[in-house]
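Chemist: Got a structure here, written out as structure tokens. Questions coming.
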Amino acid sequence: MTSSTNGAMAPTETSRVRTPKQSSNGAGIPQPRAQPLQIVWRNVVFMTLLHIGAVYGLVLIPHAHTYTTVWAIFLHYFSGVLGITAGAHRLWTHRSYKARLPLRVVMAAANSVAFQNHIHEWSRDHRCHHKYSETDADPHNASRGFFFSHCGWLLLRKHPDVKAKGKLIDMTDLAADPVVRFQKRYYLASVLLLCFALPTAVPILAWQESLRNAFFIAVVSRYVLTLNVTWLVNSAAHLWGNRPYDRSIHPAENGFVSAMAGGEGWHNYHHTFPFDYATGELGWRINMTTVFIDAMAWTGLAYDLRTASPNVVRARALRTGDGTWKGEHAH
Ligand code: ST9
Ligand code: ZN
Ligand code: ZN
């Protein structure tokens, strides 16, 4: 990595943006290109310490109460599935279904447990990612390589195109949601309470766990696990897998990422039909988030679930897919 004092790019450099179709390495992925980087050392130090702490947390697991690990796994799924995949992603970014107030409140709290930026910022970046995929206006542009799209983008100032083109994205729906506004306003306090304090306090108070075990296992290791699983969707699922629905884009069908990320690895489908609440054709198979949304729909807390019709999916796969679409066998 090279560092510069100013992350802004000259107009000629900005105009060297490559589109996915200009790729040339045979896998359909453009090669990384040189560009000035402005490293945010505060984030580098924080992320490094966090990952070292996460390894330490793993080492502590055999010496800790089993419930502490169970609690960490619960928090991982609670924050990942309710806060990120069902909440920030499928509801708030893509509006693929509607949710009643009590469900939105719980999902916003779960989002603070996940500590991945508040819902408004997360959704703005993710709308940018879909609209400008694999260009400089995509915050985690996968054409800049695995590391950049995985977590490198959080260690650098954003490309000026992200900020300029991101301003063109309509965010009025989120600005109008009182739950999103409340979470944004009290984000720091909510993270301190829900991501750090409560996850540490519960094992200490409920089963007399030590402060060290509770903090490193239920906070640090759990947080780093959820982060890396989330980041795999931006990195691995943009690089590796089949492209049955649209062969011209990078996002791919990646079963491993889906298994890890609550169903979010069916990424070629998702980028082709982003309005579909299920983000894939397999129903409940390897898609925990779809199970959750369907359960919420059954209670009436979620409604107006949007899907792509099988005929539309079939026609699209036959027209633009890479030939790996399994048709009816996919179900
Ligand atoms: C994290 C996010 O990890 C992960 C997102 C992943 C998404 C994956 C999606 C896939 C599905 C989900 C799968 C989940 C699976 C889980 C399941 C488990 C079972 N548009 O950002 P700033 C403007 S976060 C428009 O500071 P810098 C705007 O005016 C991890 N405008 O830019 C903004 O001001 P404001 C923890 C934009 O200085 C201003 O620029 N968090 C846009 O370049 C400044 O913005 C961290 O590590 C836009 N898109 O800094 C924090 N963006 O916001 C990391 C910006 O007031 N972040 N503007 O309106 C940072 O420190 C900084 O953002 C930075 C860039 C250093 C990266
Ligand atoms: Zn999406
Ligand atoms: Zn994507």
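Residue numbering restarts at 1 in every chain; chains get A, B, ... in the order shown in the structure tokens, and ligands count up from 1 in that same order.
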Determine, counting only C-alpha atoms, which protein, DNA and RNA residues have an atom within 9 Å of an atom of His65 of chain A; residues of the same chain fewer than 4 positions away are not included. Present the result as a PyMOL selection string.
Modeler: chain A and resi 61+69+203+207-209+213
Chemist: Output the selection as a PDB file, in the first residue's frame - C-alpha atoms for each residue.
Modeler:
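See result-v4.pdb below for the written result:
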```pdb
ATOM      1  CA  ILE A  61     -12.902 -20.760  24.804  1.00  0.00           C
ATOM      2  CA  THR A  69     -19.638 -19.563  23.747  1.00  0.00           C
ATOM      3  CA  PRO A 203     -22.213 -13.965  31.222  1.00  0.00           C
ATOM      4  CA  TRP A 207     -23.316 -17.699  35.119  1.00  0.00           C
ATOM      5  CA  GLN A 208     -20.405 -16.021  36.956  1.00  0.00           C
ATOM      6  CA  GLU A 209     -18.086 -15.869  33.959  1.00  0.00           C
ATOM      7  CA  ASN A 213     -13.632 -14.450  29.115  1.00  0.00           C
TER       8      ASN A 213
END
```
Chemist: Could you list, as a ChimeraX atom specification, every residue within 12 Å of Met47 of chain A, counting only C-alpha atoms and ignoring same-chain residues fewer than 5 positions away?
Modeler: /A:40-42,52-54,151-152,154-155,220,223-224,227-228
Chemist: When you count only C-alpha atoms and all ligand atoms, which of these residues is closest to ligand 3: A:Ser123, A:Ser112, A:Thr307, A:Ser235?
Modeler: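 Ranking A:Ser123, A:Ser112, A:Thr307, A:Ser235 by distance to ligand 3, first place goes to A:Ser235.
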Chemist: Can you tell me, as a list of chain:residue names, what residues are no more than 8 Å from Ala109 of chain A when counting only C-alpha atoms, ignoring any on the same chain fewer than 2 positions away?
Modeler: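 Those residues are A:Gly83, A:Val105, A:Val106, A:Met107, A:Asn111, A:Ser112, A:Val113, A:Gln183, A:Ser190, A:Leu194.
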Chemist: What residues have any atom no more than 9 Å from ligand 2 when counting only C-alpha atoms and all ligand atoms, and can you list them as a list in words?
Modeler: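 Those residues are His89, Arg90, Thr93, His94, Ser123, His126, Arg127, His129, His130, Glu264, His267, His270, His271, Pro274, Phe275 and Thr279 of chain A.
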